[in-house]
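> Structure: input-v2.pdb, PDB, C-alpha atoms.
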```pdb
ATOM      1  CA  MET A1124     -38.021 150.216  69.414
ATOM      2  CA  ASP A1125     -41.310 151.018  70.982
ATOM      3  CA  PHE A1126     -42.530 149.512  74.190
ATOM      4  CA  ILE A1127     -45.497 148.146  72.240
ATOM      5  CA  ASP A1128     -43.248 146.376  69.717
ATOM      6  CA  SER A1129     -40.982 144.873  72.392
ATOM      7  CA  LYS A1130     -43.269 141.881  72.821
ATOM      8  CA  ASN A1131     -42.326 140.665  69.349
ATOM      9  CA  VAL A1132     -38.659 140.015  70.218
ATOM     10  CA  ASN A1133     -37.736 136.402  69.667
ATOM     11  CA  ASN A1134     -34.786 135.254  71.831
ATOM     12  CA  ARG A1135     -34.555 131.595  70.990
ATOM     13  CA  ILE A1136     -31.390 129.538  70.719
ATOM     14  CA  LYS A1137     -31.228 127.453  67.592
ATOM     15  CA  LYS A1138     -30.715 123.712  67.905
ATOM     16  CA  ARG A1139     -27.956 123.970  65.316
ATOM     17  CA  THR A1140     -26.016 126.386  67.556
ATOM     18  CA  ILE A1141     -26.235 124.015  70.525
ATOM     19  CA  ALA A1142     -25.214 121.042  68.394
ATOM     20  CA  LEU A1143     -22.260 122.975  66.997
ATOM     21  CA  ALA A1144     -21.127 123.990  70.503
ATOM     22  CA  VAL A1145     -21.389 120.405  71.763
ATOM     23  CA  LEU A1146     -19.499 118.990  68.778
ATOM     24  CA  LEU A1147     -16.775 121.627  69.071
ATOM     25  CA  ASN A1148     -16.410 120.904  72.787
ATOM     26  CA  ILE A1149     -16.135 117.139  72.172
ATOM     27  CA  TYR A1150     -13.595 117.750  69.394
ATOM     28  CA  LEU A1151     -11.432 119.940  71.660
ATOM     29  CA  VAL A1152     -11.605 117.439  74.543
ATOM     30  CA  ILE A1153     -10.550 114.552  72.296
ATOM     31  CA  GLY A1154      -7.764 116.632  70.759
ATOM     32  CA  THR A1155      -6.417 117.730  74.129
ATOM     33  CA  LEU A1156      -6.631 114.209  75.535
ATOM     34  CA  GLY A1157      -4.804 112.877  72.492
ATOM     35  CA  ILE A1158      -1.939 115.330  72.947
ATOM     36  CA  TRP A1159      -1.534 114.378  76.620
ATOM     37  CA  LEU A1160      -1.682 110.680  75.793
ATOM     38  CA  ILE A1161       1.144 111.076  73.275
ATOM     39  CA  VAL A1162       3.319 112.977  75.772
ATOM     40  CA  LEU A1163       2.607 110.508  78.588
ATOM     41  CA  THR A1164       3.342 107.531  76.332
ATOM     42  CA  VAL A1165       6.748 108.955  75.424
ATOM     43  CA  PHE A1166       7.594 109.562  79.100
ATOM     44  CA  GLU A1167       6.385 106.067  79.996
ATOM     45  CA  LEU A1168       8.598 104.455  77.368
ATOM     46  CA  VAL A1169      11.679 106.412  78.470
ATOM     47  CA  THR A1170      11.055 105.662  82.145
ATOM     48  CA  SER A1171      10.429 101.987  81.427
ATOM     49  CA  ALA A1172      13.676 101.687  79.464
ATOM     50  CA  LEU A1173      15.701 103.385  82.212
ATOM     51  CA  LEU A1174      14.170 101.244  84.946
ATOM     52  CA  ARG A1175      14.646  98.058  82.923
ATOM     53  CA  ASN A1176      18.348  98.872  82.462
ATOM     54  CA  ASP A1177      18.807  99.579  86.176
ATOM     55  CA  ILE A1178      16.992  96.415  87.228
ATOM     56  CA  ASP A1179      18.923  94.251  84.751
ATOM     57  CA  GLU A1180      22.223  95.703  85.928
ATOM     58  CA  ALA A1181      21.344  95.160  89.580
ATOM     59  CA  VAL A1182      20.223  91.574  88.974
ATOM     60  CA  SER A1183      23.303  90.699  86.929
ATOM     61  CA  SER A1184      25.707  91.938  89.605
ATOM     62  CA  ALA A1185      23.699  90.780  92.622
ATOM     63  CA  ASN A1186      25.832  87.649  92.974
ATOM     64  CA  SER A1187      29.128  89.498  92.950
ATOM     65  CA  PHE A1188      30.285  92.093  95.440
ATOM     66  CA  ASN A1189      32.817  94.667  94.367
ATOM     67  CA  LYS A1190      34.759  95.704  97.441
ATOM     68  CA  ALA A1191      36.234  98.755  95.690
ATOM     69  CA  LEU A1192      32.793 100.160  94.783
ATOM     70  CA  PRO A1193      30.334  98.822  97.396
ATOM     71  CA  PHE A1194      27.799 101.655  96.964
ATOM     72  CA  LYS A1195      27.721 101.649  93.182
ATOM     73  CA  TYR A1196      23.914 101.646  92.958
ATOM     74  CA  PHE A1197      23.277 104.351  95.551
ATOM     75  CA  GLY A1198      24.351 107.334  93.439
ATOM     76  CA  GLN A1199      27.511 108.793  92.024
ATOM     77  CA  VAL A1200      30.680 107.077  93.212
ATOM     78  CA  PHE A1201      33.961 108.918  93.553
ATOM     79  CA  THR A1202      36.964 106.650  93.654
ATOM     80  CA  HIS A1203      40.256 107.664  95.082
ATOM     81  CA  ILE A1204      43.555 105.898  95.037
TER      82      ILE A1204
END
```
Reformat the file's structure so that it appears as structure tokens.

Amino acid sequence: MDFIDSKNVNNRIKKRTIALAVLLNIYLVIGTLGIWLIVLTVFELVTSALLRNDIDEAVSSANSFNKALPFKYFGQVFTHI
């Protein structure tokens, strides 16, 4: 290319290219957010079920005290005879 012809170079970005990039970016953000929401929902349901079981068990036995296993809710209990 000649120096004289270099003024005819047209370096414009098409509006269609920008729109496509924006739409692709929005699509990827929504897709990634959706995947994380599914994973977090599963973890939330498992955690909620485990906590509900622990709370129900603690409430049901709060009125009775088992002398043989006094620290039942503080971790693993080893009993010896």
> Rounded to one decimal place, report the CA of Asn1176 in chain A-CA of Ile1161 in chain A distance in Å.
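Answer for the CA of Asn1176 in chain A to CA of Ile1161 in chain A separation: 23.0 Å.
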> The centre and edge lengths of an axis-aligned box containing all atoms of range 1156-1159 of chain A present in the file, extended by 5 Å on each side, are to be given in Å to one decimal, as lines of an AutoDock Vina configuration file.

```
center_x = -4.1
center_y = 114.1
center_z = 74.6
size_x = 15.1
size_y = 12.5
size_z = 14.1
```
> In Å, rounded to a single decimal, give me how far CA of Thr1164 in chain A is from CA of Val1182 in chain A.
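Taking CA of Val1182 in chain A and CA of Thr1164 in chain A, their separation equals 26.4 Å.
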> What does the structure give for the distance between CA of Leu1160 in chain A and CA of Ile1141 in chain A, in Å to one decimal?
28.4 Å
